[in-house]
$ cat input_12.cif   # mmCIF, C-alpha atoms
data_model
loop_
_atom_site.label_atom_id
_atom_site.label_comp_id
_atom_site.auth_asym_id
_atom_site.auth_seq_id
_atom_site.Cartn_x
_atom_site.Cartn_y
_atom_site.Cartn_z
CA MET Y 1 129.64 -139.27 -9.55
CA GLU Y 2 131.60 -136.10 -10.27
CA VAL Y 3 130.54 -133.44 -12.76
CA VAL Y 4 132.58 -130.35 -13.57
CA THR Y 5 131.17 -127.01 -12.45
CA GLN Y 6 130.03 -125.83 -15.86
CA CYS Y 7 127.75 -128.82 -16.31
CA GLN Y 8 126.10 -128.15 -12.96
CA LEU Y 9 124.33 -125.29 -14.71
CA GLU Y 10 122.21 -127.89 -16.48
CA GLY Y 11 119.95 -127.93 -13.44
CA ILE Y 12 118.97 -124.35 -14.39
CA ILE Y 13 119.59 -124.32 -18.14
CA PRO Y 14 118.91 -127.83 -19.50
CA SER Y 15 121.74 -129.01 -21.69
CA ASP Y 16 121.17 -128.51 -25.42
CA VAL Y 17 117.85 -126.67 -25.04
CA ASP Y 18 119.43 -123.29 -25.78
CA PHE Y 19 120.85 -124.57 -29.04
CA ILE Y 20 117.66 -125.99 -30.59
CA LEU Y 21 117.12 -124.73 -34.12
CA LYS Y 22 114.72 -121.81 -33.97
CA ASP Y 23 111.33 -122.40 -35.63
CA PRO Y 24 112.27 -125.53 -37.62
CA ASP Y 25 110.17 -126.17 -40.73
CA PRO Y 26 108.27 -129.45 -40.11
CA SER Y 27 108.11 -130.07 -43.87
CA GLU Y 28 111.91 -130.20 -44.17
CA HIS Y 29 113.83 -133.38 -43.45
CA PHE Y 30 116.32 -133.00 -40.59
CA PHE Y 31 119.13 -135.42 -39.81
CA GLU Y 32 121.30 -135.01 -36.70
CA GLY Y 33 124.89 -135.30 -37.89
CA ALA Y 34 126.57 -135.21 -34.47
CA GLU Y 35 127.77 -138.67 -33.44
CA LYS Y 36 127.33 -140.41 -30.14
CA LEU Y 37 130.55 -142.35 -29.44
CA PHE Y 38 130.70 -145.20 -26.93
CA GLU Y 39 133.93 -147.12 -26.33
CA ILE Y 40 134.29 -149.92 -23.80
CA TRP Y 41 137.44 -151.85 -22.85
CA PHE Y 42 137.30 -155.12 -20.93
CA ASP Y 43 140.02 -156.34 -18.57
CA LYS Y 44 141.06 -159.51 -20.37
CA GLU Y 45 144.17 -160.16 -18.29
CA SER Y 46 142.32 -160.64 -14.99
CA THR Y 47 140.24 -163.51 -16.38
CA PRO Y 48 142.33 -166.52 -17.49
CA GLU Y 49 139.41 -168.09 -19.37
CA ALA Y 50 138.69 -164.91 -21.37
CA THR Y 51 138.78 -165.31 -25.15
CA THR Y 52 137.96 -162.50 -27.61
CA LEU Y 53 135.05 -160.18 -28.30
CA ARG Y 54 135.51 -161.01 -31.97
CA ALA Y 55 133.92 -164.38 -31.13
CA ILE Y 56 130.52 -162.72 -30.78
CA PRO Y 57 128.48 -164.16 -33.70
CA TYR Y 58 127.41 -161.90 -36.56
CA ASN Y 59 123.71 -162.48 -35.89
CA GLU Y 60 124.20 -161.33 -32.28
CA ILE Y 61 125.89 -158.15 -33.53
CA VAL Y 62 122.91 -157.58 -35.82
CA GLU Y 63 120.47 -157.90 -32.91
CA LEU Y 64 122.63 -155.67 -30.70
CA LEU Y 65 122.52 -152.92 -33.31
CA GLU Y 66 118.76 -153.29 -33.67
CA ILE Y 67 118.49 -152.16 -30.05
CA ALA Y 68 120.44 -149.02 -30.98
CA GLU Y 69 118.16 -148.66 -34.03
CA CYS Y 70 120.76 -149.01 -36.76
CA HIS Y 71 121.96 -151.85 -39.00
CA ILE Y 72 125.02 -153.19 -40.81
CA LEU Y 73 125.66 -152.16 -44.42
CA HIS Y 74 128.93 -154.03 -44.84
CA TYR Y 75 131.76 -155.66 -42.91
CA ARG Y 76 135.54 -156.01 -43.27
CA THR Y 77 138.35 -157.33 -41.07
CA ASN Y 78 142.14 -157.40 -41.04
CA GLY Y 79 142.21 -160.37 -38.67
CA ILE Y 80 142.82 -158.15 -35.64
CA ILE Y 81 139.96 -155.66 -35.73
CA ASP Y 82 136.49 -156.13 -37.22
CA SER Y 83 134.90 -153.15 -38.94
CA TYR Y 84 131.22 -152.51 -39.61
CA VAL Y 85 129.91 -149.62 -41.71
CA LEU Y 86 126.43 -148.93 -40.36
CA SER Y 87 123.31 -147.22 -41.59
CA GLU Y 88 124.22 -144.57 -39.01
CA SER Y 89 128.03 -144.50 -38.75
CA SER Y 90 130.41 -147.26 -37.55
CA MET Y 91 131.32 -150.09 -35.21
CA PHE Y 92 134.72 -151.66 -34.46
CA VAL Y 93 135.49 -154.78 -32.43
CA THR Y 94 138.90 -156.03 -31.22
CA ASP Y 95 139.87 -158.75 -28.74
CA ASN Y 96 138.91 -156.65 -25.71
CA ARG Y 97 137.31 -153.45 -27.03
CA ILE Y 98 134.04 -152.42 -28.67
CA ILE Y 99 133.63 -149.01 -30.30
CA LEU Y 100 130.14 -147.98 -31.37
CA LYS Y 101 129.46 -144.58 -32.91
CA THR Y 102 126.06 -143.62 -34.24
CA CYS Y 103 124.45 -140.46 -35.56
CA GLY Y 104 120.86 -139.43 -36.24
CA SER Y 105 118.29 -140.27 -33.58
CA THR Y 106 119.79 -143.67 -32.73
CA LYS Y 107 119.52 -145.05 -29.19
CA LEU Y 108 123.15 -146.01 -28.64
CA LEU Y 109 123.16 -146.17 -24.84
CA HIS Y 110 120.12 -148.45 -24.84
CA SER Y 111 122.42 -151.20 -26.19
CA ILE Y 112 124.81 -151.32 -23.19
CA ASP Y 113 122.87 -154.04 -21.38
CA ARG Y 114 123.06 -156.39 -24.34
CA MET Y 115 126.69 -155.49 -25.03
CA LEU Y 116 127.71 -156.54 -21.53
CA GLU Y 117 125.72 -159.77 -21.84
CA LEU Y 118 127.40 -160.68 -25.14
CA ALA Y 119 130.89 -159.98 -23.75
CA LYS Y 120 130.20 -162.34 -20.86
CA LYS Y 121 128.50 -165.04 -22.93
CA TYR Y 122 130.92 -165.30 -25.85
CA ALA Y 123 134.23 -163.93 -24.50
CA ASN Y 124 134.01 -164.69 -20.76
CA MET Y 125 134.66 -161.02 -20.01
CA ASP Y 126 132.72 -159.18 -17.33
CA THR Y 127 135.27 -156.79 -15.84
CA VAL Y 128 135.15 -153.36 -17.49
CA ALA Y 129 138.50 -151.56 -17.54
CA ASN Y 130 137.62 -148.33 -19.35
CA VAL Y 131 134.55 -146.56 -20.68
CA TYR Y 132 134.31 -143.45 -22.85
CA TYR Y 133 131.11 -141.81 -24.03
CA SER Y 134 131.22 -138.50 -25.86
CA ARG Y 135 129.24 -136.32 -28.23
CA LYS Y 136 128.81 -132.77 -29.43
CA ASN Y 137 125.64 -130.93 -28.41
CA PHE Y 138 122.70 -131.67 -30.68
CA LEU Y 139 120.96 -129.19 -32.97
CA ARG Y 140 117.60 -130.91 -32.36
CA PRO Y 141 117.77 -132.72 -28.99
CA ASP Y 142 113.97 -132.78 -29.00
CA LEU Y 143 114.12 -135.44 -31.74
CA GLN Y 144 116.25 -137.80 -29.65
CA SER Y 145 114.99 -140.54 -27.35
CA TYR Y 146 114.45 -139.45 -23.74
CA VAL Y 147 117.85 -140.73 -22.56
CA HIS Y 148 119.69 -138.80 -25.26
CA GLN Y 149 117.75 -135.53 -24.97
CA ASN Y 150 120.24 -134.16 -22.46
CA PHE Y 151 123.58 -135.13 -20.95
CA ASP Y 152 122.19 -135.37 -17.43
CA ASN Y 153 119.98 -138.27 -18.52
CA GLU Y 154 122.87 -139.95 -20.31
CA THR Y 155 125.11 -139.58 -17.27
CA GLU Y 156 122.46 -141.06 -14.98
CA LEU Y 157 122.09 -144.10 -17.23
CA LEU Y 158 125.86 -144.63 -17.48
CA ASP Y 159 126.21 -144.36 -13.69
CA ASN Y 160 123.78 -147.27 -13.38
CA TYR Y 161 126.32 -149.49 -15.12
CA PHE Y 162 129.72 -148.09 -14.18
CA ASP Y 163 131.15 -147.06 -10.81
CA GLU Y 164 133.36 -144.00 -10.36
CA GLY Y 165 132.42 -142.43 -13.69
CA VAL Y 166 133.25 -138.77 -14.27
CA ALA Y 167 131.31 -136.41 -16.56
CA TYR Y 168 132.58 -133.25 -18.23
CA CYS Y 169 131.11 -130.44 -20.31
CA MET Y 170 133.67 -128.59 -22.41
CA GLY Y 171 132.76 -125.28 -23.99
CA SER Y 172 130.12 -122.61 -23.51
CA LEU Y 173 126.54 -123.74 -22.85
CA LYS Y 174 125.45 -121.13 -25.41
CA GLN Y 175 127.64 -122.37 -28.27
CA HIS Y 176 129.13 -125.55 -29.70
CA ARG Y 177 130.28 -127.74 -26.84
CA TRP Y 178 131.47 -131.26 -26.10
CA TYR Y 179 130.22 -133.74 -23.53
CA LEU Y 180 132.41 -136.53 -22.17
CA TYR Y 181 131.80 -139.35 -19.71
CA THR Y 182 134.75 -141.51 -18.73
CA MET Y 183 135.51 -144.32 -16.31
CA SER Y 184 138.84 -146.07 -15.73
CA MET Y 185 139.57 -148.78 -13.19
CA PRO Y 186 142.84 -148.47 -11.22
CA GLN Y 187 145.48 -150.39 -13.13
CA ALA Y 188 149.02 -150.24 -14.43
CA PRO Y 189 149.69 -148.01 -17.47
CA PRO Y 190 149.18 -149.82 -20.80
CA ILE Y 191 152.25 -151.31 -22.45
CA HIS Y 192 151.26 -149.66 -25.72
CA PRO Y 193 149.75 -146.18 -25.24
CA ASP Y 194 146.46 -145.61 -27.07
CA HIS Y 195 145.71 -142.32 -28.79
CA THR Y 196 142.63 -141.09 -30.62
CA LEU Y 197 142.41 -137.95 -32.78
CA GLU Y 198 138.89 -136.73 -33.50
CA ILE Y 199 138.14 -133.76 -35.76
CA CYS Y 200 134.66 -132.27 -36.18
CA MET Y 201 133.90 -129.79 -38.96
CA THR Y 202 131.03 -127.34 -39.41
CA ASN Y 203 130.15 -124.73 -42.05
CA ILE Y 204 131.81 -126.71 -44.85
CA PRO Y 205 131.53 -124.86 -48.21
CA ASN Y 206 128.85 -126.13 -50.59
CA ASP Y 207 131.35 -126.85 -53.37
CA ILE Y 208 132.98 -129.36 -51.01
CA LEU Y 209 129.75 -130.77 -49.60
CA LYS Y 210 128.36 -131.57 -53.07
CA VAL Y 211 131.05 -134.22 -53.54
CA PHE Y 212 129.33 -136.31 -50.85
CA SER Y 213 126.13 -136.75 -52.85
CA LYS Y 214 124.67 -139.14 -55.42
CA ALA Y 215 124.30 -136.17 -57.76
CA PHE Y 216 128.09 -135.86 -57.93
CA CYS Y 217 129.46 -139.38 -57.32
CA VAL Y 218 128.23 -142.80 -58.42
CA ASP Y 219 129.22 -144.66 -55.25
CA GLY Y 220 131.34 -144.56 -52.11
CA LYS Y 221 134.56 -145.61 -53.84
CA GLU Y 222 134.34 -142.74 -56.32
CA CYS Y 223 133.54 -140.34 -53.48
CA THR Y 224 136.58 -141.51 -51.51
CA LYS Y 225 138.82 -140.81 -54.51
CA ILE Y 226 137.34 -137.51 -55.70
CA SER Y 227 137.18 -136.07 -52.18
CA GLY Y 228 140.85 -136.92 -51.62
CA ILE Y 229 140.11 -138.95 -48.51
CA ASP Y 230 142.15 -141.82 -49.97
CA GLN Y 231 145.18 -139.52 -49.81
CA LEU Y 232 144.73 -138.92 -46.07
CA VAL Y 233 145.26 -142.54 -45.04
CA PRO Y 234 148.17 -144.97 -45.58
CA GLU Y 235 148.23 -146.47 -49.08
CA ASP Y 236 147.53 -150.02 -47.92
CA THR Y 237 144.54 -149.09 -45.74
CA ILE Y 238 141.63 -151.52 -46.08
CA ILE Y 239 138.77 -149.17 -46.96
CA HIS Y 240 135.05 -149.82 -47.12
CA GLU Y 241 132.60 -147.00 -47.53
CA GLU Y 242 129.02 -146.03 -48.28
CA LEU Y 243 127.59 -143.10 -50.23
CA PHE Y 244 124.02 -142.48 -49.14
CA ASP Y 245 121.11 -141.40 -51.31
CA PRO Y 246 120.68 -138.51 -51.85
CA VAL Y 247 123.53 -137.22 -49.65
CA GLY Y 248 125.88 -138.49 -46.97
CA TYR Y 249 129.09 -140.50 -46.76
CA SER Y 250 130.62 -142.91 -44.26
CA MET Y 251 133.97 -144.69 -44.45
CA ASN Y 252 135.90 -147.11 -42.24
CA GLY Y 253 139.56 -147.89 -42.81
CA LEU Y 254 141.71 -150.59 -41.22
CA ILE Y 255 145.49 -150.46 -41.05
CA PRO Y 256 146.87 -153.93 -41.95
CA ASN Y 257 148.39 -156.05 -39.16
CA SER Y 258 147.26 -153.69 -36.38
CA ASP Y 259 144.23 -152.59 -34.38
CA GLN Y 260 144.47 -149.05 -35.77
CA TYR Y 261 141.51 -147.66 -37.68
CA VAL Y 262 140.20 -144.49 -39.29
CA SER Y 263 136.64 -143.40 -39.96
CA PHE Y 264 135.00 -140.53 -41.81
#
$ encode --input "input_12.cif" --output "structure tokens"
Amino acid sequence: MEVVTQCQLEGIIPSDVDFILKDPDPSEHFFEGAEKLFEIWFDKESTPEATTLRAIPYNEIVELLEIAECHILHYRTNGIIDSYVLSESSMFVTDNRIILKTCGSTKLLHSIDRMLELAKKYANMDTVANVYYSRKNFLRPDLQSYVHQNFDNETELLDNYFDEGVAYCMGSLKQHRWYLYTMSMPQAPPIHPDHTLEICMTNIPNDILKVFSKAFCVDGKECTKISGIDQLVPEDTIIHEELFDPVGYSMNGLIPNSDQYVSF
């Protein structure tokens, strides 16, 4: 296991502790907006009898997400990638890849065991090609489960499942920072390169934030239109979204005839 130098400071200054909100008011509701993102690719080519992860039954997906302490709100597919809008963010499934991203105090990494079991049982896949786990530092790590309270714990858990993983901490330990764990098995470069663009925003003006509330919009579809999000994706994108009560918005979009997706 290799960890970059900056993260080695966590033995002295525990990750996230310095960024806990000072004197939080226990009477106020707090929701951790930073997402935990876990992406796992299976090596389908090395197993002739492998099928597709999309063969995992819906009820098994439901039970998998219960372990992570979230649930499905609605589901869409374009025949290549399956999309789930969740109570806490999103899930995507393709032939050989599962992407699970959850916010709040969810227990995402607790679901790895079951995820590996389902891949073996329903898709005959047990060779992991790539793993990515990433998140921003939390504002209230003390409200997370033990595993997610600091990156050292998360790294230790991931190392139990994946060999040759590498962990990174990007940014100052006293400010906003990004944690990344990655593992890739030696293999030939992919025929079709894969790229992901992720943008995180903070300090959004209130006149923009109010759009993402039940006080301003009736439902997710209206919010998508009024916010202008529908103008940021291709016109034929298959969109399904949720506007939460009283505030909060989540959207998944699928590009037709491809495994490309967008999420907000």
$ resolve_selection --input "input_12.cif" --expression "the PyMOL selection byres ((chain Y and resi 64-67) around 8)" --output "MDAnalysis selection string"
chainID Y and resid 60:63 68:72 107:108 110:111 114:115
$ atom_distance --input "input_12.cif" --atom1 "atom CA of Y:Val233" --atom2 "atom CA of Y:Gly248"
19.9 Å
$ resolve_selection --input "input_12.cif" --expression "the PyMOL selection byres ((chain Y and resi 223) around 12)" --output "compact mmCIF listing (two decimals) with C-alpha atoms, in the coordinates of the input"
# COMPACT_ATOMS: atom_id res chain seq x y z
CA ILE Y 208 132.98 -129.36 -51.01
CA LEU Y 209 129.75 -130.77 -49.60
CA LYS Y 210 128.36 -131.57 -53.07
CA VAL Y 211 131.05 -134.22 -53.54
CA PHE Y 212 129.33 -136.31 -50.85
CA SER Y 213 126.13 -136.75 -52.85
CA LYS Y 214 124.67 -139.14 -55.42
CA ALA Y 215 124.30 -136.17 -57.76
CA PHE Y 216 128.09 -135.86 -57.93
CA CYS Y 217 129.46 -139.38 -57.32
CA VAL Y 218 128.23 -142.80 -58.42
CA ASP Y 219 129.22 -144.66 -55.25
CA GLY Y 220 131.34 -144.56 -52.11
CA LYS Y 221 134.56 -145.61 -53.84
CA GLU Y 222 134.34 -142.74 -56.32
CA THR Y 224 136.58 -141.51 -51.51
CA LYS Y 225 138.82 -140.81 -54.51
CA ILE Y 226 137.34 -137.51 -55.70
CA SER Y 227 137.18 -136.07 -52.18
CA GLY Y 228 140.85 -136.92 -51.62
CA ILE Y 229 140.11 -138.95 -48.51
CA ASP Y 230 142.15 -141.82 -49.97
CA HIS Y 240 135.05 -149.82 -47.12
CA GLU Y 241 132.60 -147.00 -47.53
CA GLU Y 242 129.02 -146.03 -48.28
CA LEU Y 243 127.59 -143.10 -50.23
CA PHE Y 244 124.02 -142.48 -49.14
CA VAL Y 247 123.53 -137.22 -49.65
CA GLY Y 248 125.88 -138.49 -46.97
CA TYR Y 249 129.09 -140.50 -46.76
CA SER Y 250 130.62 -142.91 -44.26
CA MET Y 251 133.97 -144.69 -44.45
CA PHE Y 264 135.00 -140.53 -41.81
$ atom_distance --input "input_12.cif" --atom1 "atom CA of Y:Ser105" --atom2 "atom CA of Y:Tyr161"
22.1 Å
$ atom_distance --input "input_12.cif" --atom1 "atom CA of Y:Val85" --atom2 "atom CA of Y:Tyr179"
24.1 Å
$ closest_residue --input "input_12.cif" --among "Y:Ser258, Y:Asn203, Y:Arg177, Y:Tyr146" --to "Y:Asp95" --atoms "all atoms listed in the file"
Y:Ser258
$ closest_residue --input "input_12.cif" --among "Y:Cys169, Y:Ala55, Y:Leu180, Y:Val93" --to "Y:Tyr122" --atoms "all atoms listed in the file"
Y:Ala55
$ closest_residue --input "input_12.cif" --among "Y:Tyr58, Y:Phe42, Y:Trp178, Y:Phe31" --to "Y:Thr106" --atoms "only C-alpha atoms"
Y:Phe31
$ closest_residue --input "input_12.cif" --among "Y:Asn130, Y:Thr155, Y:Ser145, Y:Ser83" --to "Y:Tyr168" --atoms "all atoms listed in the file"
Y:Thr155
$ resolve_selection --input "input_12.cif" --expression "the PyMOL selection byres ((chain Y and resi 147-150) around 10)" --output "list of chain:residue names"
Y:Glu10, Y:Pro14, Y:Ser15, Y:Asp16, Y:Val17, Y:Lys36, Y:Ser105, Y:Thr106, Y:Lys107, Y:Leu108, Y:Leu109, Y:His110, Y:Asn137, Y:Phe138, Y:Arg140, Y:Pro141, Y:Asp142, Y:Leu143, Y:Gln144, Y:Ser145, Y:Tyr146, Y:Phe151, Y:Asp152, Y:Asn153, Y:Glu154, Y:Thr155, Y:Glu156, Y:Leu157
$ write_last_selection --input "input_12.cif" --atoms "C-alpha atoms" --output "PDB file, keeping the file's coordinate frame"
ATOM      1  CA  GLU Y  10     122.210-127.890 -16.480  1.00  0.00           C
ATOM      2  CA  PRO Y  14     118.910-127.830 -19.500  1.00  0.00           C
ATOM      3  CA  SER Y  15     121.740-129.010 -21.690  1.00  0.00           C
ATOM      4  CA  ASP Y  16     121.170-128.510 -25.420  1.00  0.00           C
ATOM      5  CA  VAL Y  17     117.850-126.670 -25.040  1.00  0.00           C
ATOM      6  CA  LYS Y  36     127.330-140.410 -30.140  1.00  0.00           C
ATOM      7  CA  SER Y 105     118.290-140.270 -33.580  1.00  0.00           C
ATOM      8  CA  THR Y 106     119.790-143.670 -32.730  1.00  0.00           C
ATOM      9  CA  LYS Y 107     119.520-145.050 -29.190  1.00  0.00           C
ATOM     10  CA  LEU Y 108     123.150-146.010 -28.640  1.00  0.00           C
ATOM     11  CA  LEU Y 109     123.160-146.170 -24.840  1.00  0.00           C
ATOM     12  CA  HIS Y 110     120.120-148.450 -24.840  1.00  0.00           C
ATOM     13  CA  ASN Y 137     125.640-130.930 -28.410  1.00  0.00           C
ATOM     14  CA  PHE Y 138     122.700-131.670 -30.680  1.00  0.00           C
ATOM     15  CA  ARG Y 140     117.600-130.910 -32.360  1.00  0.00           C
ATOM     16  CA  PRO Y 141     117.770-132.720 -28.990  1.00  0.00           C
ATOM     17  CA  ASP Y 142     113.970-132.780 -29.000  1.00  0.00           C
ATOM     18  CA  LEU Y 143     114.120-135.440 -31.740  1.00  0.00           C
ATOM     19  CA  GLN Y 144     116.250-137.800 -29.650  1.00  0.00           C
ATOM     20  CA  SER Y 145     114.990-140.540 -27.350  1.00  0.00           C
ATOM     21  CA  TYR Y 146     114.450-139.450 -23.740  1.00  0.00           C
ATOM     22  CA  PHE Y 151     123.580-135.130 -20.950  1.00  0.00           C
ATOM     23  CA  ASP Y 152     122.190-135.370 -17.430  1.00  0.00           C
ATOM     24  CA  ASN Y 153     119.980-138.270 -18.520  1.00  0.00           C
ATOM     25  CA  GLU Y 154     122.870-139.950 -20.310  1.00  0.00           C
ATOM     26  CA  THR Y 155     125.110-139.580 -17.270  1.00  0.00           C
ATOM     27  CA  GLU Y 156     122.460-141.060 -14.980  1.00  0.00           C
ATOM     28  CA  LEU Y 157     122.090-144.100 -17.230  1.00  0.00           C
TER      29      LEU Y 157
END
$ residues_around --input "input_12.cif" --residues "Y:Met185" --least-positions-apart "4" --cutoff "9 Å" --atoms "all atoms listed in the file" --output "PyMOL selection string"
chain Y and resi 128-130+163-164
$ closest_residue --input "input_12.cif" --among "Y:Leu53, Y:Pro205, Y:Asp236, Y:Glu88" --to "Y:Lys120" --atoms "all atoms listed in the file"
Y:Leu53
$ residues_around --input "input_12.cif" --residues "Y:Glu32" --least-positions-apart "6" --cutoff "7 Å" --atoms "all atoms listed in the file" --output "tab-separated table (two decimals) with C-alpha atoms, keeping the file's coordinate frame"
chain	number	residue	atom	x	y	z
Y	103	CYS	CA	124.45	-140.46	-35.56
Y	104	GLY	CA	120.86	-139.43	-36.24
Y	105	SER	CA	118.29	-140.27	-33.58
Y	139	LEU	CA	120.96	-129.19	-32.97
$ residues_around --input "input_12.cif" --residues "Y:Tyr181" --least-positions-apart "3" --cutoff "8 Å" --atoms "only C-alpha atoms" --output "MDAnalysis selection string"
chainID Y and resid 131:134 155 165:168
$ write_last_selection --input "input_12.cif" --atoms "C-alpha atoms" --output "tab-separated table (two decimals), keeping the file's coordinate frame"
chain	number	residue	atom	x	y	z
Y	131	VAL	CA	134.55	-146.56	-20.68
Y	132	TYR	CA	134.31	-143.45	-22.85
Y	133	TYR	CA	131.11	-141.81	-24.03
Y	134	SER	CA	131.22	-138.50	-25.86
Y	155	THR	CA	125.11	-139.58	-17.27
Y	165	GLY	CA	132.42	-142.43	-13.69
Y	166	VAL	CA	133.25	-138.77	-14.27
Y	167	ALA	CA	131.31	-136.41	-16.56
Y	168	TYR	CA	132.58	-133.25	-18.23
